[in-house]
Amino acid sequence: MQVAIPLFPRFTALDGIGPYEVLQRIPELDVTFIGHERGEVRSENGFLGITRDATFEEMPHPDVIVFPGGVGTRPLMTDERVLEWVRTAHPTTRYTTSVCTGSLVLGAAGLLQGLTATTHWSVLDTLADLGATPTGQRVVEHLPARIITAAGVSSGIDMALRLVELLFDDTAAKASQLMIEYDPQPPFDCGAMPKADETVIGRVIEYAQLRQ
């Protein structure tokens, strides 16, 4: 079963690598990083490079799409090559999924029209402009439409575990969870906007501005 994870300049690393670590543990899944061209592409801060092993055209009909997010999704929202690939591939996928702002690409391709969907908290409003109904849920499923969206960054791991359950069974999902020892016990409880105070939010804004 083919899983395509598109990568592009300025992608968020964990958006793609988190689901990859879950999915590549399942022997029946063949996970491939794809993109505009083969070869290395770098994450949003330029620190990490990952090799894409196929182009969009070389994987026209994957069984599963996991579209990650990052600052680099903004140009993709008007990139007809990418949007047409999404539109063409989706009718034959088992599931088309996204992590973080990857949902903006799905929305720009017209896949989220009239559906609830999620993304990173900082751009939830943008989903409404794309015909979706934004929600702050961590993972949003529309199984009849075969679409799953996950919120920011780390939520891609949760989404991928659910995806394994849907594709196989809950034992497979639990086995993958155990193999990656995914047992979150963070030292702080500040992983969602309602849990953050103004000081933390101010630091987030400061860091984001310095990274632009």
# chains A, B, ... in the order shown; residues from 1 in each chain; ligands from 1

call {"tool": "closest_atom_pairs", "arguments": {"of": "stretch 41-87 of chain A", "to": "stretch 103-127 of chain A", "cutoff": "9 Å", "atoms": "only C-alpha atoms", "output": "CSV"}}
result
residue,atom,partner,partner_atom,distance
A:Phe67,CA,A:Ser103,CA,7.4
A:Pro68,CA,A:Ser103,CA,8.1
A:Gly69,CA,A:Ser103,CA,7.6
A:Thr73,CA,A:Val105,CA,6.7
A:Arg74,CA,A:Leu104,CA,8.1
A:Leu76,CA,A:Val105,CA,6.5
A:Met77,CA,A:Val105,CA,5.3
A:Thr78,CA,A:Ala108,CA,7.5
A:Glu80,CA,A:Ala109,CA,8.8
A:Val82,CA,A:Val105,CA,8.5
A:Leu83,CA,A:Ala109,CA,5.0
A:Glu84,CA,A:Ala109,CA,7.2
A:Val86,CA,A:Ala109,CA,6.7
A:Arg87,CA,A:Ala109,CA,6.2

call {"tool": "select_by_dssp", "arguments": {"residues": "stretch 15-194 of chain A", "states": "strand (DSSP E)", "output": "PyMOL selection string"}}
result
chain A and resi 30-35+39-42+49-52+54-55+64-67+95-99+116-117+133-134+139-142+147-150

call {"tool": "write_last_selection", "arguments": {"atoms": "C-alpha atoms", "output": "mmCIF file, in the first residue's frame"}}
result
data_model
loop_
_atom_site.group_PDB
_atom_site.id
_atom_site.type_symbol
_atom_site.label_atom_id
_atom_site.label_comp_id
_atom_site.auth_asym_id
_atom_site.auth_seq_id
_atom_site.Cartn_x
_atom_site.Cartn_y
_atom_site.Cartn_z
ATOM 1 C CA ASP A 30 5.434 1.736 1.604
ATOM 2 C CA VAL A 31 6.050 5.376 2.569
ATOM 3 C CA THR A 32 7.553 7.721 -0.030
ATOM 4 C CA PHE A 33 8.480 11.387 0.261
ATOM 5 C CA ILE A 34 7.499 13.155 -2.962
ATOM 6 C CA GLY A 35 7.582 16.671 -4.360
ATOM 7 C CA GLY A 39 16.260 15.379 -4.339
ATOM 8 C CA GLU A 40 16.792 17.247 -1.120
ATOM 9 C CA VAL A 41 14.387 19.823 0.254
ATOM 10 C CA ARG A 42 14.902 21.803 3.464
ATOM 11 C CA GLY A 49 17.179 18.381 4.625
ATOM 12 C CA ILE A 50 15.180 15.343 3.507
ATOM 13 C CA THR A 51 15.387 13.560 0.163
ATOM 14 C CA ARG A 52 12.300 13.277 -2.020
ATOM 15 C CA ALA A 54 9.617 10.726 -6.471
ATOM 16 C CA THR A 55 7.787 13.570 -8.154
ATOM 17 C CA VAL A 64 -2.827 7.356 1.257
ATOM 18 C CA ILE A 65 -1.796 11.013 1.201
ATOM 19 C CA VAL A 66 -0.342 12.713 4.267
ATOM 20 C CA PHE A 67 0.098 16.403 3.432
ATOM 21 C CA TYR A 95 -7.594 8.288 2.827
ATOM 22 C CA THR A 96 -6.402 11.811 2.103
ATOM 23 C CA THR A 97 -5.008 13.419 5.235
ATOM 24 C CA SER A 98 -3.176 16.530 6.376
ATOM 25 C CA VAL A 99 -1.202 17.809 9.319
ATOM 26 C CA THR A 116 -15.295 20.752 9.398
ATOM 27 C CA ALA A 117 -11.505 20.759 9.416
ATOM 28 C CA THR A 133 -15.755 25.115 8.964
ATOM 29 C CA PRO A 134 -12.756 25.551 11.288
ATOM 30 C CA VAL A 139 -8.039 15.317 14.717
ATOM 31 C CA VAL A 140 -11.124 15.723 12.507
ATOM 32 C CA GLU A 141 -12.471 12.754 10.541
ATOM 33 C CA HIS A 142 -14.871 12.600 7.627
ATOM 34 C CA ILE A 147 -10.568 12.890 4.625
ATOM 35 C CA ILE A 148 -8.814 13.383 7.957
ATOM 36 C CA THR A 149 -7.201 16.644 9.086
ATOM 37 C CA ALA A 150 -4.937 17.047 12.101
#

call {"tool": "closest_residue", "arguments": {"among": "A:Leu48, A:Leu130, A:Met59, A:Cys190", "to": "A:Val204", "atoms": "only C-alpha atoms"}}
result
A:Cys190

call {"tool": "closest_residue", "arguments": {"among": "A:Pro19, A:Leu210, A:Pro6, A:Val71", "to": "A:Phe56", "atoms": "only C-alpha atoms"}}
result
A:Pro6

call {"tool": "atom_distance", "arguments": {"atom1": "atom CA of A:Arg138", "atom2": "atom CA of A:Asp63"}}
result
23.2 Å

call {"tool": "select_by_dssp", "arguments": {"residues": "stretch 8-201 of chain A", "states": "alpha helix (DSSP H)", "output": "JSON, numbers by chain"}}
result
{"A": [13, 14, 15, 16, 17, 18, 19, 20, 21, 22, 23, 73, 74, 75, 76, 80, 81, 82, 83, 84, 85, 86, 87, 88, 89, 102, 103, 104, 105, 106, 107, 108, 124, 125, 126, 127, 128, 129, 155, 156, 157, 158, 159, 160, 161, 162, 163, 164, 165, 166, 167, 170, 171, 172, 173, 174, 175, 176, 177, 178, 179, 198, 199, 200, 201]}

call {"tool": "write_last_selection", "arguments": {"atoms": "C-alpha atoms", "output": "mmCIF file, in the first residue's frame"}}
result
data_model
loop_
_atom_site.group_PDB
_atom_site.id
_atom_site.type_symbol
_atom_site.label_atom_id
_atom_site.label_comp_id
_atom_site.auth_asym_id
_atom_site.auth_seq_id
_atom_site.Cartn_x
_atom_site.Cartn_y
_atom_site.Cartn_z
ATOM 1 C CA ALA A 13 9.708 18.648 9.897
ATOM 2 C CA LEU A 14 7.569 16.864 12.496
ATOM 3 C CA ASP A 15 4.434 17.303 10.352
ATOM 4 C CA GLY A 16 5.903 14.773 7.957
ATOM 5 C CA ILE A 17 8.301 12.814 10.149
ATOM 6 C CA GLY A 18 5.788 12.198 12.951
ATOM 7 C CA PRO A 19 3.327 10.325 10.710
ATOM 8 C CA TYR A 20 6.244 8.711 8.872
ATOM 9 C CA GLU A 21 7.546 7.158 12.087
ATOM 10 C CA VAL A 22 4.120 5.691 12.835
ATOM 11 C CA LEU A 23 3.323 4.467 9.324
ATOM 12 C CA THR A 73 2.260 25.679 2.214
ATOM 13 C CA ARG A 74 1.293 29.275 1.392
ATOM 14 C CA PRO A 75 2.724 29.243 -2.165
ATOM 15 C CA LEU A 76 1.215 25.788 -2.693
ATOM 16 C CA GLU A 80 -1.862 24.467 -9.842
ATOM 17 C CA ARG A 81 0.558 21.595 -10.296
ATOM 18 C CA VAL A 82 0.143 20.624 -6.652
ATOM 19 C CA LEU A 83 -3.580 21.365 -6.463
ATOM 20 C CA GLU A 84 -4.320 19.340 -9.585
ATOM 21 C CA TRP A 85 -2.311 16.424 -8.200
ATOM 22 C CA VAL A 86 -4.394 16.527 -5.008
ATOM 23 C CA ARG A 87 -7.654 16.724 -6.965
ATOM 24 C CA THR A 88 -6.646 13.874 -9.270
ATOM 25 C CA ALA A 89 -5.210 11.617 -6.572
ATOM 26 C CA GLY A 102 -1.364 20.979 5.049
ATOM 27 C CA SER A 103 -5.149 21.282 5.361
ATOM 28 C CA LEU A 104 -4.924 24.686 3.664
ATOM 29 C CA VAL A 105 -3.638 22.916 0.556
ATOM 30 C CA LEU A 106 -6.481 20.391 0.708
ATOM 31 C CA GLY A 107 -8.885 23.287 1.122
ATOM 32 C CA ALA A 108 -7.396 25.230 -1.779
ATOM 33 C CA LEU A 124 -7.743 28.450 11.728
ATOM 34 C CA ASP A 125 -9.619 31.395 10.214
ATOM 35 C CA THR A 126 -8.034 30.739 6.821
ATOM 36 C CA LEU A 127 -9.940 27.461 6.568
ATOM 37 C CA ALA A 128 -13.212 29.393 6.504
ATOM 38 C CA ASP A 129 -12.003 31.319 3.447
ATOM 39 C CA SER A 155 -1.130 16.003 16.289
ATOM 40 C CA GLY A 156 0.088 14.253 13.141
ATOM 41 C CA ILE A 157 1.251 11.366 15.324
ATOM 42 C CA ASP A 158 -2.258 10.952 16.754
ATOM 43 C CA MET A 159 -3.737 11.145 13.269
ATOM 44 C CA ALA A 160 -1.326 8.538 11.905
ATOM 45 C CA LEU A 161 -2.154 6.103 14.710
ATOM 46 C CA ARG A 162 -5.836 6.484 13.914
ATOM 47 C CA LEU A 163 -5.030 5.987 10.235
ATOM 48 C CA VAL A 164 -3.302 2.683 11.010
ATOM 49 C CA GLU A 165 -6.375 1.583 12.948
ATOM 50 C CA LEU A 166 -8.616 2.431 9.992
ATOM 51 C CA LEU A 167 -6.371 0.715 7.460
ATOM 52 C CA ASP A 170 -6.420 -1.261 16.625
ATOM 53 C CA THR A 171 -3.789 -3.890 17.445
ATOM 54 C CA ALA A 172 -1.632 -2.660 14.562
ATOM 55 C CA ALA A 173 -2.055 0.913 15.769
ATOM 56 C CA LYS A 174 -1.159 -0.019 19.338
ATOM 57 C CA ALA A 175 1.858 -1.984 18.111
ATOM 58 C CA SER A 176 3.105 1.044 16.195
ATOM 59 C CA GLN A 177 2.496 3.246 19.234
ATOM 60 C CA LEU A 178 4.524 0.900 21.394
ATOM 61 C CA MET A 179 7.347 0.639 18.851
ATOM 62 C CA GLU A 198 -0.336 36.077 27.773
ATOM 63 C CA THR A 199 3.354 35.778 28.625
ATOM 64 C CA VAL A 200 3.693 32.499 26.746
ATOM 65 C CA ILE A 201 1.703 33.796 23.782
#

call {"tool": "atom_distance", "arguments": {"atom1": "atom CA of A:Gln137", "atom2": "atom CA of A:Ser154"}}
result
13.1 Å
